[in-house]
Amino acid sequence: MPRVPLIGVSACTRQIGLHSFHIAGDKYLRAAAVAGIPLVIPALGDLIDPVALVDSVDGLLFTGSPSNVEPHHYGGQASAQGTPHDAARDQLTLPLIRAAVSAGVPVFGVCRGFQEMNVAFGGSLHQRVHEVGPYADHRERTEDPVEVQYGISHALHVQPGGVLEQLGLPPQIEVNSVHGQGVERLGKGLRIEALAPDGLIEAFSVEGAQSFALGVQWHPEWKVHEHPYYLALFEGFARACRERAGRC
């Protein structure tokens, strides 16, 4: 009987009361379950060897988060006061992304995970997309119910000949938009897979990767089973994870 893939899911750190916790959102874990058994990977970059970790999992999902990548990782200016960061997560995920892609472990980055992938490959970020022309405001309205925040927001223009097209996405779909940051300079070796109507990069793949290596700026994990094109991404990730599990 084939082994069920083990899917590592990146955790954020969060202070709750007097203690620090490592947490991953329910919606990401449920979406990761499309591919296999989700395992939360704590943000312990000082204790976890990325190379050893990639040998132990069949896929890695890098999740969204309320926090942003610290700008010193991409030569950016200091963040605006009050910007949430998670240095412990950065310490683990940035080298882990590089190690996983190098080892042929399937990688799927969502929102912050997408931004981490870009930074890991030498790219940079717009820290406040809505303040940079010609881009629209891609943030959610915090006063809206969560179903509205994660509802359809704008069109997505899928680029021909890439991974998204291979996964069955048509030239245009509709997606949600729940982010304040975005790609400024695209990382080395990344291929643009989709654009927002304002030209902002919404998806990329890693050229020459041995396995699935995709990042998306929107949130396909949200009610993934109710959105066929969102589900297609996770099913593509799942196929790659099953293939790796079958080889190990």
# chains A, B, ... in the order shown; residues from 1 in each chain; ligands from 1
>>> residues_around(residues="range 33-45 of chain A", least_positions_apart="3", cutoff="7 Å", atoms="only C-alpha atoms", output="count of residues only")
24
>>> residues_around(residues="Leu96 in chain A", least_positions_apart="4", cutoff="8 Å", atoms="only C-alpha atoms", output="PyMOL selection string")
chain A and resi 50-51+54+92+100
>>> residues_around(residues="Gly133 in chain A", least_positions_apart="3", cutoff="12 Å", atoms="only C-alpha atoms", output="list in words")
His126, Arg128, Val129, His130, Ala136, Asp137, Glu184, Asp198, Gly199 and Leu200 of chain A
>>> select_by_dssp(residues="range 89-175 of chain A", states="helix (DSSP H, G or I)", output="PDB file with all heavy atoms, in the first residue's frame")
ATOM      1  N   ARG A  89      10.329  32.877  12.252  1.00  0.00           N
ATOM      2  CA  ARG A  89       9.838  32.215  11.036  1.00  0.00           C
ATOM      3  C   ARG A  89      10.785  32.474   9.869  1.00  0.00           C
ATOM      4  O   ARG A  89      11.125  31.541   9.129  1.00  0.00           O
ATOM      5  CB  ARG A  89       8.423  32.689  10.708  1.00  0.00           C
ATOM      6  CG  ARG A  89       7.934  32.164   9.374  1.00  0.00           C
ATOM      7  CD  ARG A  89       6.461  32.330   9.147  1.00  0.00           C
ATOM      8  NE  ARG A  89       6.169  32.104   7.733  1.00  0.00           N
ATOM      9  CZ  ARG A  89       5.003  31.728   7.245  1.00  0.00           C
ATOM     10  NH1 ARG A  89       3.980  31.547   8.065  1.00  0.00           N
ATOM     11  NH2 ARG A  89       4.823  31.541   5.956  1.00  0.00           N
ATOM     12  N   ASP A  90      11.203  33.725   9.695  1.00  0.00           N
ATOM     13  CA  ASP A  90      12.158  34.038   8.623  1.00  0.00           C
ATOM     14  C   ASP A  90      13.399  33.164   8.718  1.00  0.00           C
ATOM     15  O   ASP A  90      13.918  32.684   7.703  1.00  0.00           O
ATOM     16  CB  ASP A  90      12.600  35.500   8.703  1.00  0.00           C
ATOM     17  CG  ASP A  90      11.489  36.496   8.414  1.00  0.00           C
ATOM     18  OD1 ASP A  90      10.449  36.103   7.855  1.00  0.00           O
ATOM     19  OD2 ASP A  90      11.678  37.682   8.760  1.00  0.00           O
ATOM     20  N   GLN A  91      13.900  32.979   9.935  1.00  0.00           N
ATOM     21  CA  GLN A  91      15.141  32.242  10.139  1.00  0.00           C
ATOM     22  C   GLN A  91      15.023  30.803   9.650  1.00  0.00           C
ATOM     23  O   GLN A  91      15.998  30.220   9.157  1.00  0.00           O
ATOM     24  CB  GLN A  91      15.529  32.259  11.629  1.00  0.00           C
ATOM     25  CG  GLN A  91      16.886  31.639  11.912  1.00  0.00           C
ATOM     26  CD  GLN A  91      17.246  31.670  13.387  1.00  0.00           C
ATOM     27  OE1 GLN A  91      16.419  32.002  14.241  1.00  0.00           O
ATOM     28  NE2 GLN A  91      18.479  31.310  13.702  1.00  0.00           N
ATOM     29  N   LEU A  92      13.824  30.233   9.763  1.00  0.00           N
ATOM     30  CA  LEU A  92      13.631  28.863   9.306  1.00  0.00           C
ATOM     31  C   LEU A  92      13.243  28.799   7.831  1.00  0.00           C
ATOM     32  O   LEU A  92      13.825  28.041   7.054  1.00  0.00           O
ATOM     33  CB  LEU A  92      12.543  28.165  10.133  1.00  0.00           C
ATOM     34  CG  LEU A  92      12.230  26.742   9.660  1.00  0.00           C
ATOM     35  CD1 LEU A  92      13.398  25.808   9.970  1.00  0.00           C
ATOM     36  CD2 LEU A  92      10.948  26.216  10.282  1.00  0.00           C
ATOM     37  N   THR A  93      12.246  29.592   7.432  1.00  0.00           N
ATOM     38  CA  THR A  93      11.649  29.374   6.119  1.00  0.00           C
ATOM     39  C   THR A  93      12.556  29.756   4.955  1.00  0.00           C
ATOM     40  O   THR A  93      12.548  29.072   3.922  1.00  0.00           O
ATOM     41  CB  THR A  93      10.319  30.142   5.988  1.00  0.00           C
ATOM     42  OG1 THR A  93      10.542  31.535   6.234  1.00  0.00           O
ATOM     43  CG2 THR A  93       9.281  29.607   6.956  1.00  0.00           C
ATOM     44  N   LEU A  94      13.320  30.820   5.078  1.00  0.00           N
ATOM     45  CA  LEU A  94      14.118  31.260   3.933  1.00  0.00           C
ATOM     46  C   LEU A  94      15.157  30.212   3.516  1.00  0.00           C
ATOM     47  O   LEU A  94      15.216  29.839   2.331  1.00  0.00           O
ATOM     48  CB  LEU A  94      14.754  32.624   4.218  1.00  0.00           C
ATOM     49  CG  LEU A  94      13.741  33.759   4.444  1.00  0.00           C
ATOM     50  CD1 LEU A  94      14.467  35.077   4.739  1.00  0.00           C
ATOM     51  CD2 LEU A  94      12.804  33.931   3.255  1.00  0.00           C
ATOM     52  N   PRO A  95      15.961  29.685   4.438  1.00  0.00           N
ATOM     53  CA  PRO A  95      16.880  28.614   4.013  1.00  0.00           C
ATOM     54  C   PRO A  95      16.155  27.309   3.702  1.00  0.00           C
ATOM     55  O   PRO A  95      16.610  26.534   2.851  1.00  0.00           O
ATOM     56  CB  PRO A  95      17.826  28.459   5.208  1.00  0.00           C
ATOM     57  CG  PRO A  95      17.109  29.044   6.366  1.00  0.00           C
ATOM     58  CD  PRO A  95      16.236  30.114   5.828  1.00  0.00           C
ATOM     59  N   LEU A  96      15.010  27.064   4.346  1.00  0.00           N
ATOM     60  CA  LEU A  96      14.276  25.827   4.101  1.00  0.00           C
ATOM     61  C   LEU A  96      13.717  25.790   2.681  1.00  0.00           C
ATOM     62  O   LEU A  96      13.728  24.735   2.027  1.00  0.00           O
ATOM     63  CB  LEU A  96      13.151  25.677   5.124  1.00  0.00           C
ATOM     64  CG  LEU A  96      12.277  24.428   5.017  1.00  0.00           C
ATOM     65  CD1 LEU A  96      13.113  23.161   5.093  1.00  0.00           C
ATOM     66  CD2 LEU A  96      11.209  24.440   6.115  1.00  0.00           C
ATOM     67  N   ILE A  97      13.225  26.917   2.194  1.00  0.00           N
ATOM     68  CA  ILE A  97      12.718  26.972   0.816  1.00  0.00           C
ATOM     69  C   ILE A  97      13.823  26.603  -0.164  1.00  0.00           C
ATOM     70  O   ILE A  97      13.630  25.784  -1.071  1.00  0.00           O
ATOM     71  CB  ILE A  97      12.151  28.371   0.512  1.00  0.00           C
ATOM     72  CG1 ILE A  97      10.821  28.569   1.249  1.00  0.00           C
ATOM     73  CG2 ILE A  97      11.978  28.579  -0.990  1.00  0.00           C
ATOM     74  CD1 ILE A  97      10.348  30.005   1.277  1.00  0.00           C
ATOM     75  N   ARG A  98      14.983  27.201   0.011  1.00  0.00           N
ATOM     76  CA  ARG A  98      16.097  26.909  -0.900  1.00  0.00           C
ATOM     77  C   ARG A  98      16.503  25.443  -0.831  1.00  0.00           C
ATOM     78  O   ARG A  98      16.746  24.797  -1.863  1.00  0.00           O
ATOM     79  CB  ARG A  98      17.278  27.825  -0.579  1.00  0.00           C
ATOM     80  CG  ARG A  98      17.012  29.308  -0.885  1.00  0.00           C
ATOM     81  CD  ARG A  98      18.275  30.143  -0.720  1.00  0.00           C
ATOM     82  NE  ARG A  98      18.673  30.280   0.673  1.00  0.00           N
ATOM     83  CZ  ARG A  98      18.339  31.290   1.463  1.00  0.00           C
ATOM     84  NH1 ARG A  98      17.575  32.269   0.989  1.00  0.00           N
ATOM     85  NH2 ARG A  98      18.760  31.354   2.711  1.00  0.00           N
ATOM     86  N   ALA A  99      16.574  24.903   0.387  1.00  0.00           N
ATOM     87  CA  ALA A  99      16.978  23.509   0.561  1.00  0.00           C
ATOM     88  C   ALA A  99      15.950  22.563  -0.049  1.00  0.00           C
ATOM     89  O   ALA A  99      16.307  21.551  -0.675  1.00  0.00           O
ATOM     90  CB  ALA A  99      17.174  23.200   2.046  1.00  0.00           C
ATOM     91  N   ALA A 100      14.661  22.873   0.114  1.00  0.00           N
ATOM     92  CA  ALA A 100      13.609  21.999  -0.390  1.00  0.00           C
ATOM     93  C   ALA A 100      13.600  21.966  -1.914  1.00  0.00           C
ATOM     94  O   ALA A 100      13.516  20.883  -2.525  1.00  0.00           O
ATOM     95  CB  ALA A 100      12.252  22.468   0.139  1.00  0.00           C
ATOM     96  N   VAL A 101      13.677  23.120  -2.540  1.00  0.00           N
ATOM     97  CA  VAL A 101      13.676  23.159  -4.009  1.00  0.00           C
ATOM     98  C   VAL A 101      14.904  22.442  -4.548  1.00  0.00           C
ATOM     99  O   VAL A 101      14.822  21.675  -5.515  1.00  0.00           O
ATOM    100  CB  VAL A 101      13.603  24.612  -4.516  1.00  0.00           C
ATOM    101  CG1 VAL A 101      13.810  24.665  -6.024  1.00  0.00           C
ATOM    102  CG2 VAL A 101      12.265  25.241  -4.146  1.00  0.00           C
ATOM    103  N   SER A 102      16.049  22.650  -3.919  1.00  0.00           N
ATOM    104  CA  SER A 102      17.281  21.996  -4.348  1.00  0.00           C
ATOM    105  C   SER A 102      17.181  20.481  -4.251  1.00  0.00           C
ATOM    106  O   SER A 102      17.712  19.745  -5.094  1.00  0.00           O
ATOM    107  CB  SER A 102      18.461  22.503  -3.511  1.00  0.00           C
ATOM    108  OG  SER A 102      19.664  21.853  -3.854  1.00  0.00           O
ATOM    109  N   ALA A 103      16.462  20.003  -3.216  1.00  0.00           N
ATOM    110  CA  ALA A 103      16.332  18.563  -2.987  1.00  0.00           C
ATOM    111  C   ALA A 103      15.179  17.942  -3.764  1.00  0.00           C
ATOM    112  O   ALA A 103      14.991  16.722  -3.711  1.00  0.00           O
ATOM    113  CB  ALA A 103      16.144  18.300  -1.494  1.00  0.00           C
ATOM    114  N   ARG A 112       2.237  35.114   2.410  1.00  0.00           N
ATOM    115  CA  ARG A 112       3.570  35.320   2.979  1.00  0.00           C
ATOM    116  C   ARG A 112       4.530  34.272   2.444  1.00  0.00           C
ATOM    117  O   ARG A 112       5.695  34.566   2.158  1.00  0.00           O
ATOM    118  CB  ARG A 112       3.527  35.260   4.513  1.00  0.00           C
ATOM    119  CG  ARG A 112       4.862  35.688   5.161  1.00  0.00           C
ATOM    120  CD  ARG A 112       4.935  35.271   6.627  1.00  0.00           C
ATOM    121  NE  ARG A 112       5.751  36.130   7.457  1.00  0.00           N
ATOM    122  CZ  ARG A 112       7.046  35.972   7.679  1.00  0.00           C
ATOM    123  NH1 ARG A 112       7.708  34.993   7.077  1.00  0.00           N
ATOM    124  NH2 ARG A 112       7.694  36.804   8.485  1.00  0.00           N
ATOM    125  N   GLY A 113       4.051  33.041   2.279  1.00  0.00           N
ATOM    126  CA  GLY A 113       4.892  31.989   1.730  1.00  0.00           C
ATOM    127  C   GLY A 113       5.379  32.306   0.324  1.00  0.00           C
ATOM    128  O   GLY A 113       6.521  31.998  -0.040  1.00  0.00           O
ATOM    129  N   PHE A 114       4.529  32.933  -0.480  1.00  0.00           N
ATOM    130  CA  PHE A 114       4.881  33.402  -1.817  1.00  0.00           C
ATOM    131  C   PHE A 114       5.966  34.472  -1.720  1.00  0.00           C
ATOM    132  O   PHE A 114       6.958  34.456  -2.458  1.00  0.00           O
ATOM    133  CB  PHE A 114       3.601  33.942  -2.459  1.00  0.00           C
ATOM    134  CG  PHE A 114       3.743  34.841  -3.649  1.00  0.00           C
ATOM    135  CD1 PHE A 114       3.849  34.323  -4.935  1.00  0.00           C
ATOM    136  CD2 PHE A 114       3.696  36.223  -3.505  1.00  0.00           C
ATOM    137  CE1 PHE A 114       3.917  35.166  -6.043  1.00  0.00           C
ATOM    138  CE2 PHE A 114       3.764  37.068  -4.597  1.00  0.00           C
ATOM    139  CZ  PHE A 114       3.888  36.533  -5.880  1.00  0.00           C
ATOM    140  N   GLN A 115       5.786  35.398  -0.789  1.00  0.00           N
ATOM    141  CA  GLN A 115       6.766  36.459  -0.603  1.00  0.00           C
ATOM    142  C   GLN A 115       8.091  35.898  -0.081  1.00  0.00           C
ATOM    143  O   GLN A 115       9.175  36.337  -0.492  1.00  0.00           O
ATOM    144  CB  GLN A 115       6.188  37.517   0.325  1.00  0.00           C
ATOM    145  CG  GLN A 115       4.984  38.237  -0.269  1.00  0.00           C
ATOM    146  CD  GLN A 115       4.120  38.952   0.746  1.00  0.00           C
ATOM    147  OE1 GLN A 115       4.480  39.075   1.913  1.00  0.00           O
ATOM    148  NE2 GLN A 115       2.965  39.431   0.310  1.00  0.00           N
ATOM    149  N   GLU A 116       8.012  34.909   0.811  1.00  0.00           N
ATOM    150  CA  GLU A 116       9.226  34.249   1.303  1.00  0.00           C
ATOM    151  C   GLU A 116       9.983  33.590   0.153  1.00  0.00           C
ATOM    152  O   GLU A 116      11.212  33.662   0.086  1.00  0.00           O
ATOM    153  CB  GLU A 116       8.863  33.199   2.352  1.00  0.00           C
ATOM    154  CG  GLU A 116       8.411  33.775   3.674  1.00  0.00           C
ATOM    155  CD  GLU A 116       7.828  32.724   4.602  1.00  0.00           C
ATOM    156  OE1 GLU A 116       7.383  31.654   4.124  1.00  0.00           O
ATOM    157  OE2 GLU A 116       7.797  32.977   5.814  1.00  0.00           O
ATOM    158  N   MET A 117       9.247  32.924  -0.745  1.00  0.00           N
ATOM    159  CA  MET A 117       9.901  32.278  -1.885  1.00  0.00           C
ATOM    160  C   MET A 117      10.630  33.311  -2.732  1.00  0.00           C
ATOM    161  O   MET A 117      11.774  33.092  -3.161  1.00  0.00           O
ATOM    162  CB  MET A 117       8.878  31.517  -2.731  1.00  0.00           C
ATOM    163  CG  MET A 117       8.352  30.257  -2.087  1.00  0.00           C
ATOM    164  SD  MET A 117       7.150  29.380  -3.143  1.00  0.00           S
ATOM    165  CE  MET A 117       8.225  28.748  -4.441  1.00  0.00           C
ATOM    166  N   ASN A 118      10.001  34.433  -2.984  1.00  0.00           N
ATOM    167  CA  ASN A 118      10.652  35.473  -3.782  1.00  0.00           C
ATOM    168  C   ASN A 118      11.924  35.970  -3.108  1.00  0.00           C
ATOM    169  O   ASN A 118      12.970  36.111  -3.757  1.00  0.00           O
ATOM    170  CB  ASN A 118       9.685  36.637  -4.006  1.00  0.00           C
ATOM    171  CG  ASN A 118      10.216  37.639  -5.007  1.00  0.00           C
ATOM    172  OD1 ASN A 118      10.597  37.282  -6.118  1.00  0.00           O
ATOM    173  ND2 ASN A 118      10.273  38.906  -4.607  1.00  0.00           N
ATOM    174  N   VAL A 119      11.863  36.218  -1.807  1.00  0.00           N
ATOM    175  CA  VAL A 119      13.035  36.690  -1.067  1.00  0.00           C
ATOM    176  C   VAL A 119      14.113  35.613  -1.023  1.00  0.00           C
ATOM    177  O   VAL A 119      15.314  35.905  -1.173  1.00  0.00           O
ATOM    178  CB  VAL A 119      12.621  37.143   0.349  1.00  0.00           C
ATOM    179  CG1 VAL A 119      13.856  37.463   1.202  1.00  0.00           C
ATOM    180  CG2 VAL A 119      11.708  38.359   0.278  1.00  0.00           C
ATOM    181  N   ALA A 120      13.704  34.359  -0.836  1.00  0.00           N
ATOM    182  CA  ALA A 120      14.669  33.258  -0.770  1.00  0.00           C
ATOM    183  C   ALA A 120      15.483  33.144  -2.050  1.00  0.00           C
ATOM    184  O   ALA A 120      16.643  32.711  -2.020  1.00  0.00           O
ATOM    185  CB  ALA A 120      13.948  31.940  -0.484  1.00  0.00           C
ATOM    186  N   VAL A 129       1.957  47.953  -1.086  1.00  0.00           N
ATOM    187  CA  VAL A 129       1.614  47.982  -2.503  1.00  0.00           C
ATOM    188  C   VAL A 129       0.696  49.147  -2.850  1.00  0.00           C
ATOM    189  O   VAL A 129       0.833  49.789  -3.896  1.00  0.00           O
ATOM    190  CB  VAL A 129       0.965  46.635  -2.913  1.00  0.00           C
ATOM    191  CG1 VAL A 129       0.314  46.740  -4.289  1.00  0.00           C
ATOM    192  CG2 VAL A 129       2.006  45.517  -2.913  1.00  0.00           C
ATOM    193  N   HIS A 130      -0.249  49.438  -1.963  1.00  0.00           N
ATOM    194  CA  HIS A 130      -1.247  50.480  -2.250  1.00  0.00           C
ATOM    195  C   HIS A 130      -0.647  51.882  -2.324  1.00  0.00           C
ATOM    196  O   HIS A 130      -1.313  52.810  -2.776  1.00  0.00           O
ATOM    197  CB  HIS A 130      -2.347  50.453  -1.186  1.00  0.00           C
ATOM    198  CG  HIS A 130      -1.843  50.604   0.212  1.00  0.00           C
ATOM    199  ND1 HIS A 130      -1.213  49.581   0.880  1.00  0.00           N
ATOM    200  CD2 HIS A 130      -1.857  51.655   1.066  1.00  0.00           C
ATOM    201  CE1 HIS A 130      -0.866  49.988   2.088  1.00  0.00           C
ATOM    202  NE2 HIS A 130      -1.246  51.238   2.224  1.00  0.00           N
ATOM    203  N   GLU A 131       0.625  52.017  -1.906  1.00  0.00           N
ATOM    204  CA  GLU A 131       1.282  53.319  -1.980  1.00  0.00           C
ATOM    205  C   GLU A 131       2.230  53.423  -3.175  1.00  0.00           C
ATOM    206  O   GLU A 131       2.919  54.427  -3.337  1.00  0.00           O
ATOM    207  CB  GLU A 131       2.059  53.583  -0.682  1.00  0.00           C
ATOM    208  CG  GLU A 131       1.162  53.713   0.547  1.00  0.00           C
ATOM    209  CD  GLU A 131       1.943  53.993   1.814  1.00  0.00           C
ATOM    210  OE1 GLU A 131       3.200  54.012   1.749  1.00  0.00           O
ATOM    211  OE2 GLU A 131       1.310  54.174   2.870  1.00  0.00           O
ATOM    212  N   VAL A 146     -15.342  37.735   7.544  1.00  0.00           N
ATOM    213  CA  VAL A 146     -14.248  36.984   6.925  1.00  0.00           C
ATOM    214  C   VAL A 146     -14.660  36.420   5.571  1.00  0.00           C
ATOM    215  O   VAL A 146     -13.836  36.330   4.640  1.00  0.00           O
ATOM    216  CB  VAL A 146     -13.758  35.868   7.877  1.00  0.00           C
ATOM    217  CG1 VAL A 146     -14.819  34.796   8.096  1.00  0.00           C
ATOM    218  CG2 VAL A 146     -12.465  35.243   7.361  1.00  0.00           C
ATOM    219  N   GLU A 147     -15.937  36.064   5.404  1.00  0.00           N
ATOM    220  CA  GLU A 147     -16.386  35.533   4.112  1.00  0.00           C
ATOM    221  C   GLU A 147     -16.268  36.592   3.014  1.00  0.00           C
ATOM    222  O   GLU A 147     -16.012  36.262   1.849  1.00  0.00           O
ATOM    223  CB  GLU A 147     -17.835  35.049   4.211  1.00  0.00           C
ATOM    224  CG  GLU A 147     -18.034  33.812   5.069  1.00  0.00           C
ATOM    225  CD  GLU A 147     -18.063  34.122   6.558  1.00  0.00           C
ATOM    226  OE1 GLU A 147     -18.062  35.331   6.904  1.00  0.00           O
ATOM    227  OE2 GLU A 147     -18.082  33.173   7.361  1.00  0.00           O
ATOM    228  N   VAL A 148     -16.444  37.855   3.379  1.00  0.00           N
ATOM    229  CA  VAL A 148     -16.294  38.938   2.415  1.00  0.00           C
ATOM    230  C   VAL A 148     -14.817  39.218   2.156  1.00  0.00           C
ATOM    231  O   VAL A 148     -14.389  39.425   1.014  1.00  0.00           O
ATOM    232  CB  VAL A 148     -17.006  40.209   2.913  1.00  0.00           C
ATOM    233  CG1 VAL A 148     -16.745  41.391   1.981  1.00  0.00           C
ATOM    234  CG2 VAL A 148     -18.505  39.957   3.049  1.00  0.00           C
ATOM    235  N   GLN A 149     -14.015  39.202   3.220  1.00  0.00           N
ATOM    236  CA  GLN A 149     -12.581  39.458   3.058  1.00  0.00           C
ATOM    237  C   GLN A 149     -11.941  38.462   2.087  1.00  0.00           C
ATOM    238  O   GLN A 149     -11.074  38.829   1.299  1.00  0.00           O
ATOM    239  CB  GLN A 149     -11.886  39.365   4.418  1.00  0.00           C
ATOM    240  CG  GLN A 149     -12.253  40.462   5.398  1.00  0.00           C
ATOM    241  CD  GLN A 149     -11.499  40.331   6.709  1.00  0.00           C
ATOM    242  OE1 GLN A 149     -10.448  39.706   6.768  1.00  0.00           O
ATOM    243  NE2 GLN A 149     -12.037  40.932   7.766  1.00  0.00           N
ATOM    244  N   VAL A 163       3.023  26.539 -15.424  1.00  0.00           N
ATOM    245  CA  VAL A 163       2.502  25.527 -14.506  1.00  0.00           C
ATOM    246  C   VAL A 163       0.996  25.681 -14.319  1.00  0.00           C
ATOM    247  O   VAL A 163       0.256  24.686 -14.315  1.00  0.00           O
ATOM    248  CB  VAL A 163       3.230  25.615 -13.144  1.00  0.00           C
ATOM    249  CG1 VAL A 163       2.568  24.703 -12.112  1.00  0.00           C
ATOM    250  CG2 VAL A 163       4.696  25.250 -13.300  1.00  0.00           C
ATOM    251  N   LEU A 164       0.517  26.907 -14.151  1.00  0.00           N
ATOM    252  CA  LEU A 164      -0.919  27.102 -13.928  1.00  0.00           C
ATOM    253  C   LEU A 164      -1.721  26.599 -15.126  1.00  0.00           C
ATOM    254  O   LEU A 164      -2.783  25.983 -14.949  1.00  0.00           O
ATOM    255  CB  LEU A 164      -1.222  28.568 -13.645  1.00  0.00           C
ATOM    256  CG  LEU A 164      -0.656  29.157 -12.350  1.00  0.00           C
ATOM    257  CD1 LEU A 164      -1.158  30.579 -12.149  1.00  0.00           C
ATOM    258  CD2 LEU A 164      -0.991  28.285 -11.153  1.00  0.00           C
ATOM    259  N   GLU A 165      -1.257  26.870 -16.317  1.00  0.00           N
ATOM    260  CA  GLU A 165      -1.942  26.366 -17.504  1.00  0.00           C
ATOM    261  C   GLU A 165      -1.923  24.841 -17.518  1.00  0.00           C
ATOM    262  O   GLU A 165      -2.933  24.192 -17.838  1.00  0.00           O
ATOM    263  CB  GLU A 165      -1.287  26.917 -18.762  1.00  0.00           C
ATOM    264  CG  GLU A 165      -2.013  26.541 -20.050  1.00  0.00           C
ATOM    265  CD  GLU A 165      -1.351  27.140 -21.281  1.00  0.00           C
ATOM    266  OE1 GLU A 165      -0.268  26.642 -21.662  1.00  0.00           O
ATOM    267  OE2 GLU A 165      -1.918  28.104 -21.842  1.00  0.00           O
ATOM    268  N   GLN A 166      -0.796  24.247 -17.148  1.00  0.00           N
ATOM    269  CA  GLN A 166      -0.685  22.791 -17.104  1.00  0.00           C
ATOM    270  C   GLN A 166      -1.632  22.179 -16.079  1.00  0.00           C
ATOM    271  O   GLN A 166      -2.101  21.047 -16.239  1.00  0.00           O
ATOM    272  CB  GLN A 166       0.747  22.381 -16.791  1.00  0.00           C
ATOM    273  CG  GLN A 166       1.751  22.724 -17.882  1.00  0.00           C
ATOM    274  CD  GLN A 166       3.191  22.547 -17.440  1.00  0.00           C
ATOM    275  OE1 GLN A 166       3.469  21.963 -16.378  1.00  0.00           O
ATOM    276  NE2 GLN A 166       4.123  23.053 -18.231  1.00  0.00           N
TER     277      GLN A 166
END
>>> closest_residue(among="A:Pro145, A:Ser67, A:Ile152, A:Tyr28", to="Ser79 in chain A", atoms="only C-alpha atoms")
A:Ser67
>>> closest_residue(among="A:Cys111, A:Val69, A:Val158, A:Leu53", to="Ala194 in chain A", atoms="only C-alpha atoms")
A:Val158
>>> atom_distance(atom1="CA of Val224 in chain A", atom2="CA of Glu174 in chain A")
13.7 Å
>>> closest_residue(among="A:Gly59, A:Gly25, A:Pro66, A:Gly104", to="Gly180 in chain A", atoms="only C-alpha atoms")
A:Pro66
>>> atom_distance(atom1="CA of Ile173 in chain A", atom2="CA of Glu202 in chain A")
12.0 Å
>>> select_by_dssp(residues="range 43-147 of chain A", states="strand (DSSP E or B)", output="ChimeraX atom specification")
/A:59-62,68,85,107-110,125-126
>>> residues_around(residues="Gln172 in chain A", least_positions_apart="2", cutoff="8 Å", atoms="only C-alpha atoms", output="list of chain:residue names")
A:Ala155, A:Leu156, A:His157, A:Val158, A:Leu169, A:Pro170, A:Glu174
>>> closest_residue(among="A:Ala209, A:Leu167, A:Leu125, A:Leu231", to="Arg185 in chain A", atoms="only C-alpha atoms")
A:Leu125
